[in-house]
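Asks: So that you have it, the file is entry10.cif, and it contains mmCIF, C-alpha atoms and all ligand atoms:
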data_coords
loop_
_atom_site.group_PDB
_atom_site.id
_atom_site.type_symbol
_atom_site.label_atom_id
_atom_site.label_comp_id
_atom_site.auth_asym_id
_atom_site.auth_seq_id
_atom_site.Cartn_x
_atom_site.Cartn_y
_atom_site.Cartn_z
ATOM 1 C CA MET H 299 12.673 -10.819 -28.184
ATOM 2 C CA PHE H 300 11.409 -8.084 -25.907
ATOM 3 C CA GLU H 301 10.673 -10.640 -23.203
ATOM 4 C CA ALA H 302 14.253 -11.928 -23.458
ATOM 5 C CA PHE H 303 15.591 -8.400 -23.127
ATOM 6 C CA ARG H 304 13.385 -7.768 -20.118
ATOM 7 C CA LYS H 305 14.690 -10.919 -18.420
ATOM 8 C CA TRP H 306 18.276 -10.002 -19.172
ATOM 9 C CA ARG H 307 17.769 -6.492 -17.794
ATOM 10 C CA ARG H 308 16.033 -7.869 -14.694
ATOM 11 C CA ASN H 309 18.862 -10.303 -13.940
ATOM 12 C CA ARG H 310 21.424 -7.585 -14.478
ATOM 13 C CA ILE H 311 19.702 -5.289 -11.990
ATOM 14 C CA LEU H 312 19.348 -8.093 -9.450
ATOM 15 C CA ALA H 313 23.045 -8.923 -9.786
ATOM 16 C CA ASN H 314 24.313 -5.347 -9.677
ATOM 17 C CA SER H 315 22.006 -3.652 -7.216
ATOM 18 C CA ALA H 316 21.676 -6.245 -4.463
ATOM 19 C CA ILE H 317 20.748 -4.986 -1.007
ATOM 20 C CA PRO H 318 23.466 -5.658 1.594
ATOM 21 C CA ASP H 319 22.395 -8.294 4.159
ATOM 22 C CA GLU H 320 22.783 -5.998 7.130
ATOM 23 C CA LEU H 321 20.599 -3.315 5.572
ATOM 24 C CA TRP H 322 17.960 -5.887 4.624
ATOM 25 C CA ARG H 323 17.840 -7.347 8.130
ATOM 26 C CA GLY H 324 17.703 -3.876 9.695
ATOM 27 C CA ALA H 325 14.764 -2.902 7.507
ATOM 28 C CA LEU H 326 12.884 -6.133 8.283
ATOM 29 C CA GLU H 327 13.410 -5.611 12.000
ATOM 30 C CA ALA H 328 11.959 -2.128 11.714
ATOM 31 C CA LEU H 329 8.814 -3.633 10.120
ATOM 32 C CA PRO H 330 7.484 -6.188 12.611
ATOM 33 C CA PHE H 331 4.363 -6.997 10.550
ATOM 34 C CA LEU H 332 6.621 -8.864 8.105
ATOM 35 C CA ALA H 333 7.322 -11.573 10.691
ATOM 36 C CA ILE H 334 4.574 -13.741 9.169
ATOM 37 C CA TYR H 335 6.370 -14.105 5.827
ATOM 38 C CA THR H 336 8.311 -17.272 5.051
ATOM 39 C CA GLU H 337 11.965 -17.240 3.983
ATOM 40 C CA PRO H 338 11.162 -17.952 0.296
ATOM 41 C CA GLU H 339 8.585 -15.147 0.318
ATOM 42 C CA LEU H 340 11.054 -12.733 1.882
ATOM 43 C CA ALA H 341 13.625 -13.703 -0.760
ATOM 44 C CA ARG H 342 11.076 -12.901 -3.468
ATOM 45 C CA LEU H 343 10.194 -9.660 -1.694
ATOM 46 C CA ARG H 344 13.864 -8.728 -1.652
ATOM 47 C CA GLU H 345 14.070 -9.173 -5.440
ATOM 48 C CA ARG H 346 10.980 -7.028 -5.886
ATOM 49 C CA VAL H 347 12.512 -4.354 -3.681
ATOM 50 C CA VAL H 348 15.746 -4.285 -5.709
ATOM 51 C CA LEU H 349 13.764 -3.890 -8.935
ATOM 52 C CA PHE H 350 11.532 -1.247 -7.356
ATOM 53 C CA LEU H 351 14.536 0.781 -6.208
ATOM 54 C CA SER H 352 16.111 0.621 -9.646
ATOM 55 C CA ASP H 353 12.842 1.690 -11.247
ATOM 56 C CA LYS H 354 11.741 4.472 -8.877
ATOM 57 C CA SER H 355 13.616 7.370 -7.339
ATOM 58 C CA ILE H 356 13.103 7.909 -3.638
ATOM 59 C CA VAL H 357 14.037 11.554 -3.306
ATOM 60 C CA PRO H 358 14.208 13.942 -0.368
ATOM 61 C CA ALA H 359 12.319 17.220 -0.176
ATOM 62 C CA SER H 360 13.292 20.436 1.571
ATOM 63 C CA GLY H 361 16.905 19.640 2.359
ATOM 64 C CA PHE H 362 16.029 16.323 3.980
ATOM 65 C CA GLU H 363 18.361 13.356 3.710
ATOM 66 C CA VAL H 364 17.042 9.929 2.757
ATOM 67 C CA THR H 365 19.239 7.166 4.179
ATOM 68 C CA PRO H 366 19.596 3.680 2.651
ATOM 69 C CA LEU H 367 17.524 2.288 5.549
ATOM 70 C CA MET H 368 14.684 4.729 4.816
ATOM 71 C CA ARG H 369 14.751 3.785 1.133
ATOM 72 C CA ALA H 370 14.676 0.094 1.986
ATOM 73 C CA MET H 371 11.814 0.483 4.493
ATOM 74 C CA ILE H 372 9.687 2.446 2.036
ATOM 75 C CA ALA H 373 10.407 0.055 -0.849
ATOM 76 C CA ILE H 374 9.684 -3.052 1.230
ATOM 77 C CA GLN H 375 6.284 -1.781 2.328
ATOM 78 C CA ALA H 376 5.426 -0.690 -1.213
ATOM 79 C CA CYS H 377 6.391 -4.112 -2.577
ATOM 80 C CA VAL H 378 4.461 -6.151 -0.008
ATOM 81 C CA LEU H 379 1.238 -5.170 -1.777
ATOM 82 C CA VAL H 380 2.418 -6.387 -5.181
ATOM 83 C CA LEU H 381 4.436 -9.381 -3.995
ATOM 84 C CA ASN H 382 2.147 -11.727 -5.943
ATOM 85 C CA LEU H 383 0.818 -9.235 -8.479
ATOM 86 C CA ASP H 384 1.957 -8.137 -11.904
ATOM 87 C CA HIS H 385 5.017 -5.893 -11.584
ATOM 88 C CA ARG H 386 3.368 -3.393 -13.936
ATOM 89 C CA PHE H 387 0.964 -2.257 -11.209
ATOM 90 C CA TYR H 388 3.409 0.519 -10.341
ATOM 91 C CA ASP H 389 4.211 1.550 -13.920
ATOM 92 C CA GLY H 390 3.547 5.052 -15.190
ATOM 93 C CA TRP H 391 5.162 7.239 -12.532
ATOM 94 C CA GLU H 392 8.644 7.695 -11.114
ATOM 95 C CA ASN H 393 9.182 9.353 -7.767
ATOM 96 C CA VAL H 394 8.604 8.858 -4.099
ATOM 97 C CA ILE H 395 9.207 12.188 -2.355
ATOM 98 C CA VAL H 396 10.096 12.112 1.327
ATOM 99 C CA TYR H 397 9.514 15.149 3.545
ATOM 100 C CA PRO H 398 11.168 15.761 6.930
ATOM 101 C CA ASP H 399 7.713 16.343 8.418
ATOM 102 C CA GLU H 400 4.074 16.756 7.445
ATOM 103 C CA PHE H 401 3.801 18.822 4.296
ATOM 104 C CA ILE H 402 1.270 21.349 3.116
ATOM 105 C CA ALA H 403 -0.839 20.283 0.181
ATOM 106 C CA ASN H 404 -2.840 22.748 -1.822
ATOM 107 C CA LEU H 405 -6.232 21.149 -2.045
ATOM 108 C CA GLU H 406 -8.712 22.527 -4.500
ATOM 109 C CA TYR H 407 -12.281 21.378 -4.561
ATOM 110 C CA GLU H 408 -15.603 22.457 -5.980
ATOM 111 C CA ASP H 409 -18.669 22.586 -3.739
ATOM 112 C CA ASP H 410 -22.240 21.710 -4.762
ATOM 113 C CA ALA H 411 -22.851 25.285 -5.923
ATOM 114 C CA GLY H 412 -19.843 25.058 -8.264
ATOM 115 C CA VAL H 413 -17.683 27.381 -6.165
ATOM 116 C CA VAL H 414 -14.012 26.414 -6.119
ATOM 117 C CA HIS H 415 -12.405 26.443 -2.682
ATOM 118 C CA ARG H 416 -8.743 26.281 -1.840
ATOM 119 C CA ARG H 417 -7.611 24.730 1.381
ATOM 120 C CA GLU H 418 -4.162 24.261 2.757
ATOM 121 C CA GLU H 419 -3.816 21.240 4.936
ATOM 122 C CA PRO H 420 -0.825 19.472 6.460
ATOM 123 C CA LEU H 421 -0.624 15.898 5.181
ATOM 124 C CA ALA H 422 1.327 12.798 6.215
ATOM 125 C CA GLY H 423 1.074 11.213 2.796
ATOM 126 C CA GLU H 424 -0.372 11.650 -0.642
ATOM 127 C CA ALA H 425 -0.524 9.621 -3.854
ATOM 128 C CA MET H 426 -1.047 11.603 -7.033
ATOM 129 C CA PRO H 427 -2.576 10.102 -10.162
ATOM 130 C CA GLY H 428 0.241 9.629 -12.693
ATOM 131 C CA GLY H 429 2.572 11.475 -10.298
ATOM 132 C CA PRO H 430 4.641 10.840 -7.204
ATOM 133 C CA VAL H 431 3.859 9.287 -3.856
ATOM 134 C CA VAL H 432 4.636 11.850 -1.162
ATOM 135 C CA LEU H 433 5.448 10.771 2.389
ATOM 136 C CA SER H 434 6.341 12.438 5.671
ATOM 137 C CA TRP H 435 9.222 10.431 7.131
ATOM 138 C CA PRO H 436 8.250 10.731 10.833
ATOM 139 C CA ASP H 437 4.819 9.340 9.911
ATOM 140 C CA VAL H 438 6.364 6.474 7.934
ATOM 141 C CA GLU H 439 8.568 5.667 10.889
ATOM 142 C CA ALA H 440 5.784 5.896 13.463
ATOM 143 C CA SER H 441 3.429 3.690 11.453
ATOM 144 C CA ALA H 442 6.016 1.036 10.572
ATOM 145 C CA ASP H 443 4.986 -0.731 13.763
ATOM 146 C CA TRP H 444 1.268 -1.294 13.363
ATOM 147 C CA SER H 445 0.768 -2.245 17.003
ATOM 148 C CA ALA H 446 1.899 1.235 18.049
ATOM 149 C CA THR H 447 -0.394 3.358 15.874
ATOM 150 C CA GLY H 448 -2.876 1.043 14.133
ATOM 151 C CA MET H 449 -1.964 2.450 10.751
ATOM 152 C CA ASN H 450 0.541 1.966 7.963
ATOM 153 C CA LEU H 451 1.139 5.074 5.885
ATOM 154 C CA VAL H 452 3.197 3.504 3.080
ATOM 155 C CA ILE H 453 0.750 0.672 2.459
ATOM 156 C CA HIS H 454 -2.077 3.219 2.491
ATOM 157 C CA GLU H 455 -0.562 5.442 -0.195
ATOM 158 C CA PHE H 456 0.514 2.538 -2.400
ATOM 159 C CA ALA H 457 -2.969 1.022 -2.169
ATOM 160 C CA HIS H 458 -4.177 4.326 -3.660
ATOM 161 C CA LYS H 459 -1.597 3.882 -6.437
ATOM 162 C CA ILE H 460 -2.979 0.423 -7.194
ATOM 163 C CA ASP H 461 -6.509 1.846 -7.144
ATOM 164 C CA MET H 462 -5.418 4.613 -9.567
ATOM 165 C CA LYS H 463 -4.108 2.102 -12.092
ATOM 166 C CA ASN H 464 -7.481 2.229 -13.869
ATOM 167 C CA GLY H 465 -8.346 5.899 -13.375
ATOM 168 C CA GLU H 466 -9.037 8.042 -10.334
ATOM 169 C CA ALA H 467 -8.983 6.446 -6.894
ATOM 170 C CA ASN H 468 -12.485 5.126 -6.209
ATOM 171 C CA GLY H 469 -11.941 1.888 -4.301
ATOM 172 C CA PHE H 470 -12.231 -0.122 -7.501
ATOM 173 C CA PRO H 471 -8.772 -1.256 -8.655
ATOM 174 C CA PRO H 472 -8.270 -3.229 -11.892
ATOM 175 C CA LEU H 473 -9.390 -6.778 -11.127
ATOM 176 C CA PRO H 474 -7.917 -9.957 -12.605
ATOM 177 C CA PRO H 475 -10.249 -11.643 -15.138
ATOM 178 C CA GLU H 476 -11.261 -14.399 -12.691
ATOM 179 C CA MET H 477 -12.688 -11.878 -10.199
ATOM 180 C CA PRO H 478 -16.196 -10.721 -11.076
ATOM 181 C CA ARG H 479 -16.582 -6.932 -10.947
ATOM 182 C CA ARG H 480 -20.073 -7.183 -9.542
ATOM 183 C CA GLY H 481 -18.924 -9.265 -6.577
ATOM 184 C CA TRP H 482 -16.265 -6.695 -5.729
ATOM 185 C CA GLN H 483 -18.695 -3.828 -6.022
ATOM 186 C CA ARG H 484 -21.360 -5.479 -3.865
ATOM 187 C CA THR H 485 -19.039 -6.643 -1.090
ATOM 188 C CA MET H 486 -17.158 -3.352 -0.862
ATOM 189 C CA ALA H 487 -20.296 -1.199 -1.040
ATOM 190 C CA GLU H 488 -22.066 -3.208 1.689
ATOM 191 C CA ALA H 489 -19.055 -3.108 4.000
ATOM 192 C CA TYR H 490 -18.499 0.609 3.346
ATOM 193 C CA ALA H 491 -22.135 1.466 4.068
ATOM 194 C CA GLU H 492 -22.022 -0.528 7.298
ATOM 195 C CA PHE H 493 -18.743 1.035 8.440
ATOM 196 C CA HIS H 494 -19.963 4.496 7.500
ATOM 197 C CA ARG H 495 -23.086 3.977 9.660
ATOM 198 C CA ARG H 496 -20.986 2.908 12.633
ATOM 199 C CA VAL H 497 -18.727 5.953 12.348
ATOM 200 C CA GLU H 498 -21.710 8.316 11.901
ATOM 201 C CA LYS H 499 -23.211 6.935 15.098
ATOM 202 C CA GLY H 500 -19.976 7.804 16.896
ATOM 203 C CA GLU H 501 -19.149 4.154 17.556
ATOM 204 C CA ASP H 502 -15.581 3.331 18.601
ATOM 205 C CA THR H 503 -14.240 1.276 15.700
ATOM 206 C CA ALA H 504 -11.151 -0.949 15.762
ATOM 207 C CA ILE H 505 -10.470 0.165 12.180
ATOM 208 C CA ASP H 506 -9.406 3.796 11.608
ATOM 209 C CA PRO H 507 -12.633 5.846 11.163
ATOM 210 C CA TYR H 508 -10.889 7.717 8.334
ATOM 211 C CA ALA H 509 -11.957 4.737 6.205
ATOM 212 C CA ALA H 510 -15.496 6.197 6.258
ATOM 213 C CA GLU H 511 -14.284 9.247 4.302
ATOM 214 C CA SER H 512 -14.891 7.719 0.839
ATOM 215 C CA PRO H 513 -14.810 4.335 -0.945
ATOM 216 C CA ALA H 514 -11.221 5.160 -2.028
ATOM 217 C CA GLU H 515 -10.113 5.705 1.575
ATOM 218 C CA PHE H 516 -12.028 2.595 2.631
ATOM 219 C CA PHE H 517 -10.010 0.500 0.173
ATOM 220 C CA ALA H 518 -6.698 2.101 1.244
ATOM 221 C CA VAL H 519 -7.325 1.805 4.991
ATOM 222 C CA LEU H 520 -8.620 -1.757 4.731
ATOM 223 C CA SER H 521 -5.549 -2.665 2.668
ATOM 224 C CA GLU H 522 -3.410 -1.389 5.552
ATOM 225 C CA VAL H 523 -5.348 -3.614 7.955
ATOM 226 C CA PHE H 524 -5.179 -6.585 5.550
ATOM 227 C CA PHE H 525 -1.380 -6.559 5.568
ATOM 228 C CA ALA H 526 -0.516 -5.174 8.983
ATOM 229 C CA ASP H 527 -3.263 -6.667 11.179
ATOM 230 C CA PRO H 528 -4.932 -9.319 8.986
ATOM 231 C CA THR H 529 -6.819 -11.142 11.754
ATOM 232 C CA LEU H 530 -8.555 -7.873 12.643
ATOM 233 C CA LEU H 531 -9.839 -7.397 9.089
ATOM 234 C CA ARG H 532 -10.943 -11.033 8.896
ATOM 235 C CA ALA H 533 -12.878 -10.653 12.164
ATOM 236 C CA GLU H 534 -14.467 -7.309 11.251
ATOM 237 C CA TYR H 535 -15.188 -7.784 7.539
ATOM 238 C CA PRO H 536 -14.713 -11.452 6.583
ATOM 239 C CA LYS H 537 -16.138 -10.975 3.078
ATOM 240 C CA VAL H 538 -13.761 -8.093 2.357
ATOM 241 C CA TYR H 539 -10.916 -10.159 3.761
ATOM 242 C CA GLU H 540 -11.818 -12.993 1.394
ATOM 243 C CA LEU H 541 -12.011 -10.606 -1.545
ATOM 244 C CA PHE H 542 -8.591 -9.146 -0.702
ATOM 245 C CA THR H 543 -7.004 -12.620 -0.490
ATOM 246 C CA GLN H 544 -8.128 -13.152 -4.086
ATOM 247 C CA PHE H 545 -7.073 -9.700 -5.213
ATOM 248 C CA TYR H 546 -3.660 -9.497 -3.522
ATOM 249 C CA ARG H 547 -3.141 -13.299 -3.837
ATOM 250 C CA GLN H 548 -2.060 -13.532 -0.224
ATOM 251 C CA ASP H 549 -3.667 -14.924 2.923
ATOM 252 C CA PRO H 550 -1.824 -13.116 5.729
ATOM 253 C CA ALA H 551 -4.331 -14.020 8.500
ATOM 254 C CA SER H 552 -3.744 -17.763 8.166
ATOM 255 C CA ARG H 553 0.000 -17.172 8.374
ATOM 256 C CA ALA H 554 -0.388 -14.947 11.410
ATOM 257 C CA GLU H 555 -2.220 -17.839 13.094
ATOM 258 C CA LEU H 556 0.510 -20.319 12.195
ATOM 259 C CA LEU H 557 3.038 -18.013 13.762
ATOM 260 C CA LEU H 558 1.021 -17.841 16.982
ATOM 261 C CA GLU H 559 0.868 -21.658 17.150
ATOM 262 C CA GLN H 560 4.627 -22.014 16.913
HETATM 263 ZN ZN ZN V 1 -5.838 8.126 1.576
#
As structure tokens - that is how I would like this structure written.

Replies:
Amino acid sequence: MFEAFRKWRRNRILANSAIPDELWRGALEALPFLAIYTEPELARLRERVVLFLSDKSIVPASGFEVTPLMRAMIAIQACVLVLNLDHRFYDGWENVIVYPDEFIANLEYEDDAGVVHRREEPLAGEAMPGGPVVLSWPDVEASADWSATGMNLVIHEFAHKIDMKNGEANGFPPLPPEMPRRGWQRTMAEAYAEFHRRVEKGEDTAIDPYAAESPAEFFAVLSEVFFADPTLLRAEYPKVYELFTQFYRQDPASRAELLLEQ
């Protein structure tokens, strides 16, 4: 019964909240990394985006105005991660807050001696456990084209959200039953240790050195690379790439190659 109701509700939303063609095309053009997706995949992505927008509120902060194009661009990038995953990955929170610029976050942390420090730091994005995803629009816009900045802010923050689905962000998202936990742990820990060493040595890395910050950041940054520059991740960390194809149920590098052959 519930399943039937869910289907009915889903179809109703898809029928009533469709994204106009022009807006959809404009958003895709602004996100060049999506060029590797096939028409049927993009059609499925579009459905996901409609459902996402009906489920979540994308709200402005500080007198900012969020245009339909901004909403579509944010939703598309959020939905790319879960295109082949259970829609419930993003359950349990409601808002995406968009700032006109970097925003100040009040960070509180305890040092080894147990002293609590407060630090105010301007941030481009933040994902809060059980709470909103916060984004600075200029940073979303700048990182929409991976080739320009080598980063993708929206994918980064939503990878944290996926990671947080089973507790705090630690680089260990909930795995499907067919993926052994030990394999994930070993592959990610080995790659993280290796990357961390390279960054410590001051090596110039093709992947954003911010990934060496913690296992949680490693997962989020490598998720960005997986979607926005998949052949780079496959070349740098083939085992992680393989693991991500199983986890996200996508193989973007092979599609990127097909596109190059055409
Ligand atoms: Zn992060």

Asks: Could you state the separation of CA of Asp527 in chain H and CA of Ala551 in chain H in Å, given to one decimal place?

Replies: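 Those two atoms sit 7.9 Å apart.
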
Asks: Name all residues at most 12 Å from Val497 in chain H (count all atoms listed in the file; drop same-chain ones fewer than 6 positions away) and give them as JSON, numbers by chain.

Replies: {"H": [490, 491, 503, 504, 505, 506, 507, 508, 509, 510, 511]}

Asks: Kindly compile the residues surrounding ligand ZN 1 (chain V) within 7 Å, counting only C-alpha atoms and all ligand atoms, and format them as a PyMOL selection string.

Replies: chain H and resi 424+454-455+458+515+518

Asks: If you count all atoms listed in the file, which residues fall within 12 Å of Met426 in chain H, apart from same-chain ones fewer than 4 positions away, as an mmCIF file with C-alpha atoms, in the frame of the given file?

Replies:
data_model
loop_
_atom_site.group_PDB
_atom_site.id
_atom_site.type_symbol
_atom_site.label_atom_id
_atom_site.label_comp_id
_atom_site.auth_asym_id
_atom_site.auth_seq_id
_atom_site.Cartn_x
_atom_site.Cartn_y
_atom_site.Cartn_z
ATOM 1 C CA GLY H 390 3.547 5.052 -15.190
ATOM 2 C CA TRP H 391 5.162 7.239 -12.532
ATOM 3 C CA GLU H 392 8.644 7.695 -11.114
ATOM 4 C CA ASN H 393 9.182 9.353 -7.767
ATOM 5 C CA VAL H 394 8.604 8.858 -4.099
ATOM 6 C CA ILE H 395 9.207 12.188 -2.355
ATOM 7 C CA ALA H 403 -0.839 20.283 0.181
ATOM 8 C CA LEU H 405 -6.232 21.149 -2.045
ATOM 9 C CA PRO H 430 4.641 10.840 -7.204
ATOM 10 C CA VAL H 431 3.859 9.287 -3.856
ATOM 11 C CA VAL H 432 4.636 11.850 -1.162
ATOM 12 C CA LEU H 433 5.448 10.771 2.389
ATOM 13 C CA GLU H 455 -0.562 5.442 -0.195
ATOM 14 C CA PHE H 456 0.514 2.538 -2.400
ATOM 15 C CA ALA H 457 -2.969 1.022 -2.169
ATOM 16 C CA HIS H 458 -4.177 4.326 -3.660
ATOM 17 C CA LYS H 459 -1.597 3.882 -6.437
ATOM 18 C CA ILE H 460 -2.979 0.423 -7.194
ATOM 19 C CA ASP H 461 -6.509 1.846 -7.144
ATOM 20 C CA MET H 462 -5.418 4.613 -9.567
ATOM 21 C CA LYS H 463 -4.108 2.102 -12.092
ATOM 22 C CA GLY H 465 -8.346 5.899 -13.375
ATOM 23 C CA GLU H 466 -9.037 8.042 -10.334
ATOM 24 C CA ALA H 467 -8.983 6.446 -6.894
#

Asks: For the file shown, report as a PyMOL selection string the outcome of the PyMOL selection byres (((chain H and resi 317) around 12) and not hetatm) at residue level.

Replies: chain H and resi 311-316+318-325+341+343-352+366-367+369-371+373-374

Asks: Calculate how many Å separate CA of Ala442 in chain H from CA of Glu400 in chain H, rounding to one decimal.

Replies: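 About the pair CA of Ala442 in chain H and CA of Glu400 in chain H: they are 16.1 Å apart.
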
Asks: When you count only C-alpha atoms, which of these residues is closest to Tyr546 in chain H: H:Leu340, H:Ile356, H:Leu381, H:Ala302?

Replies: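 Comparing H:Leu340, H:Ile356, H:Leu381, H:Ala302 against Tyr546 in chain H, the winner is H:Leu381.
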
Asks: Work out how far CA of Phe470 in chain H is from CA of Ser441 in chain H, in Å to one decimal.

Replies: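 Taking CA of Ser441 in chain H and CA of Phe470 in chain H, their separation equals 24.9 Å.
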
Asks: Which residue, H:Gly412, H:Pro471, H:Ala422, H:Glu492, has the smallest gap to Ala440 in chain H when you use all atoms listed in the file?

Replies: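 For Ala440 in chain H, the nearest of the given residues is H:Ala422.
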
Asks: Between H:Pro474, H:Asp443, H:Pro436, H:Phe401, which is the closest to Ala333 in chain H once you count all atoms listed in the file?

Replies: H:Asp443

Asks: At a cut-off of 9 Å around the point (-2.6, 3.9, 11.6) (file coordinates), what residues fall inside when counting all atoms listed in the file? I'd like the answer as a VMD selection string.

Replies: chain H and resid 440 to 441 444 to 451 505 to 506 519 522 to 523

Asks: Any chance you could export the current selection's C-alpha atoms as a PDB file, keeping the file's coordinate frame?

Replies:
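Final file, selection.pdb:
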ATOM      1  CA  ALA H 440       5.784   5.896  13.463  1.00  0.00           C
ATOM      2  CA  SER H 441       3.429   3.690  11.453  1.00  0.00           C
ATOM      3  CA  TRP H 444       1.268  -1.294  13.363  1.00  0.00           C
ATOM      4  CA  SER H 445       0.768  -2.245  17.003  1.00  0.00           C
ATOM      5  CA  ALA H 446       1.899   1.235  18.049  1.00  0.00           C
ATOM      6  CA  THR H 447      -0.394   3.358  15.874  1.00  0.00           C
ATOM      7  CA  GLY H 448      -2.876   1.043  14.133  1.00  0.00           C
ATOM      8  CA  MET H 449      -1.964   2.450  10.751  1.00  0.00           C
ATOM      9  CA  ASN H 450       0.541   1.966   7.963  1.00  0.00           C
ATOM     10  CA  LEU H 451       1.139   5.074   5.885  1.00  0.00           C
ATOM     11  CA  ILE H 505     -10.470   0.165  12.180  1.00  0.00           C
ATOM     12  CA  ASP H 506      -9.406   3.796  11.608  1.00  0.00           C
ATOM     13  CA  VAL H 519      -7.325   1.805   4.991  1.00  0.00           C
ATOM     14  CA  GLU H 522      -3.410  -1.389   5.552  1.00  0.00           C
ATOM     15  CA  VAL H 523      -5.348  -3.614   7.955  1.00  0.00           C
TER      16      VAL H 523
END

Asks: Decode the PyMOL selection byres (((chain H and resi 540) around 12) and not hetatm) for the given file into explicit residues and return them as a PyMOL selection string.

Replies: chain H and resi 477+481-482+485-486+524+528-529+531-539+541-552

Asks: I'd like the contact shell of Val396 in chain H - 8 Å cut-off, only C-alpha atoms, skipping same-chain residues fewer than 6 positions apart - returned as JSON, numbers by chain.

Replies: {"H": [356, 357, 358, 359, 362, 364, 432, 433, 434, 435]}

Asks: From the list H:Val414, H:Arg496, H:Ser355, H:Pro472, which residue is nearest Asp384 in chain H when using only C-alpha atoms?

Replies: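 Ranking H:Val414, H:Arg496, H:Ser355, H:Pro472 by distance to Asp384 in chain H, first place goes to H:Pro472.
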
Asks: Choose the residue, out of H:Asp389, H:Glu419, H:Asp353, H:Asp410, that has the smallest atom-to-atom separation from Arg307 in chain H; count all atoms listed in the file.

Replies: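 Closest to Arg307 in chain H of all the choices is H:Asp353.
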
Asks: Set up a box along x, y and z of the file covering all listed atoms of range 353-365 of chain H, add 4 Å on every one of the six sides, and write the centre and edge lengths in Å to one decimal, as JSON.

Replies:
{"center_x": 15.5, "center_y": 11.1, "center_z": -3.5, "size_x": 15.5, "size_y": 26.7, "size_z": 23.4}

Asks: Where atoms are missing, can you supply N, CA, C and O atoms for range 476-487 of chain H and output the lot as a PDB file, in the coordinates of the input?

Replies:
ATOM      1  N   GLU H 476     -10.471 -13.394 -13.420  1.00  0.00           N
ATOM      2  CA  GLU H 476     -11.261 -14.399 -12.691  1.00  0.00           C
ATOM      3  C   GLU H 476     -12.095 -13.793 -11.557  1.00  0.00           C
ATOM      4  O   GLU H 476     -12.899 -14.489 -10.938  1.00  0.00           O
ATOM      5  N   MET H 477     -11.903 -12.499 -11.281  1.00  0.00           N
ATOM      6  CA  MET H 477     -12.688 -11.878 -10.199  1.00  0.00           C
ATOM      7  C   MET H 477     -13.831 -11.051 -10.781  1.00  0.00           C
ATOM      8  O   MET H 477     -13.592 -10.048 -11.450  1.00  0.00           O
ATOM      9  N   PRO H 478     -15.075 -11.467 -10.505  1.00  0.00           N
ATOM     10  CA  PRO H 478     -16.196 -10.721 -11.076  1.00  0.00           C
ATOM     11  C   PRO H 478     -16.306  -9.313 -10.490  1.00  0.00           C
ATOM     12  O   PRO H 478     -16.204  -9.135  -9.274  1.00  0.00           O
ATOM     13  N   ARG H 479     -16.489  -8.336 -11.374  1.00  0.00           N
ATOM     14  CA  ARG H 479     -16.582  -6.932 -10.947  1.00  0.00           C
ATOM     15  C   ARG H 479     -17.765  -6.710 -10.016  1.00  0.00           C
ATOM     16  O   ARG H 479     -17.698  -5.960  -9.062  1.00  0.00           O
ATOM     17  N   ARG H 480     -18.868  -7.402 -10.328  1.00  0.00           N
ATOM     18  CA  ARG H 480     -20.073  -7.183  -9.542  1.00  0.00           C
ATOM     19  C   ARG H 480     -19.888  -7.632  -8.084  1.00  0.00           C
ATOM     20  O   ARG H 480     -20.350  -6.991  -7.155  1.00  0.00           O
ATOM     21  N   GLY H 481     -19.178  -8.753  -7.924  1.00  0.00           N
ATOM     22  CA  GLY H 481     -18.924  -9.265  -6.577  1.00  0.00           C
ATOM     23  C   GLY H 481     -18.113  -8.273  -5.763  1.00  0.00           C
ATOM     24  O   GLY H 481     -18.387  -8.019  -4.592  1.00  0.00           O
ATOM     25  N   TRP H 482     -17.103  -7.686  -6.399  1.00  0.00           N
ATOM     26  CA  TRP H 482     -16.265  -6.695  -5.729  1.00  0.00           C
ATOM     27  C   TRP H 482     -17.123  -5.509  -5.301  1.00  0.00           C
ATOM     28  O   TRP H 482     -17.084  -5.071  -4.140  1.00  0.00           O
ATOM     29  N   GLN H 483     -17.888  -5.020  -6.265  1.00  0.00           N
ATOM     30  CA  GLN H 483     -18.695  -3.828  -6.022  1.00  0.00           C
ATOM     31  C   GLN H 483     -19.663  -4.056  -4.855  1.00  0.00           C
ATOM     32  O   GLN H 483     -19.780  -3.229  -3.961  1.00  0.00           O
ATOM     33  N   ARG H 484     -20.344  -5.205  -4.882  1.00  0.00           N
ATOM     34  CA  ARG H 484     -21.360  -5.479  -3.865  1.00  0.00           C
ATOM     35  C   ARG H 484     -20.717  -5.600  -2.478  1.00  0.00           C
ATOM     36  O   ARG H 484     -21.134  -4.963  -1.526  1.00  0.00           O
ATOM     37  N   THR H 485     -19.684  -6.421  -2.390  1.00  0.00           N
ATOM     38  CA  THR H 485     -19.039  -6.643  -1.090  1.00  0.00           C
ATOM     39  C   THR H 485     -18.469  -5.349  -0.515  1.00  0.00           C
ATOM     40  O   THR H 485     -18.665  -5.045   0.668  1.00  0.00           O
ATOM     41  N   MET H 486     -17.787  -4.585  -1.355  1.00  0.00           N
ATOM     42  CA  MET H 486     -17.158  -3.352  -0.862  1.00  0.00           C
ATOM     43  C   MET H 486     -18.220  -2.315  -0.496  1.00  0.00           C
ATOM     44  O   MET H 486     -18.096  -1.628   0.522  1.00  0.00           O
ATOM     45  N   ALA H 487     -19.257  -2.200  -1.309  1.00  0.00           N
ATOM     46  CA  ALA H 487     -20.296  -1.199  -1.040  1.00  0.00           C
ATOM     47  C   ALA H 487     -21.043  -1.531   0.251  1.00  0.00           C
ATOM     48  O   ALA H 487     -21.314  -0.644   1.067  1.00  0.00           O
TER      49      ALA H 487
END
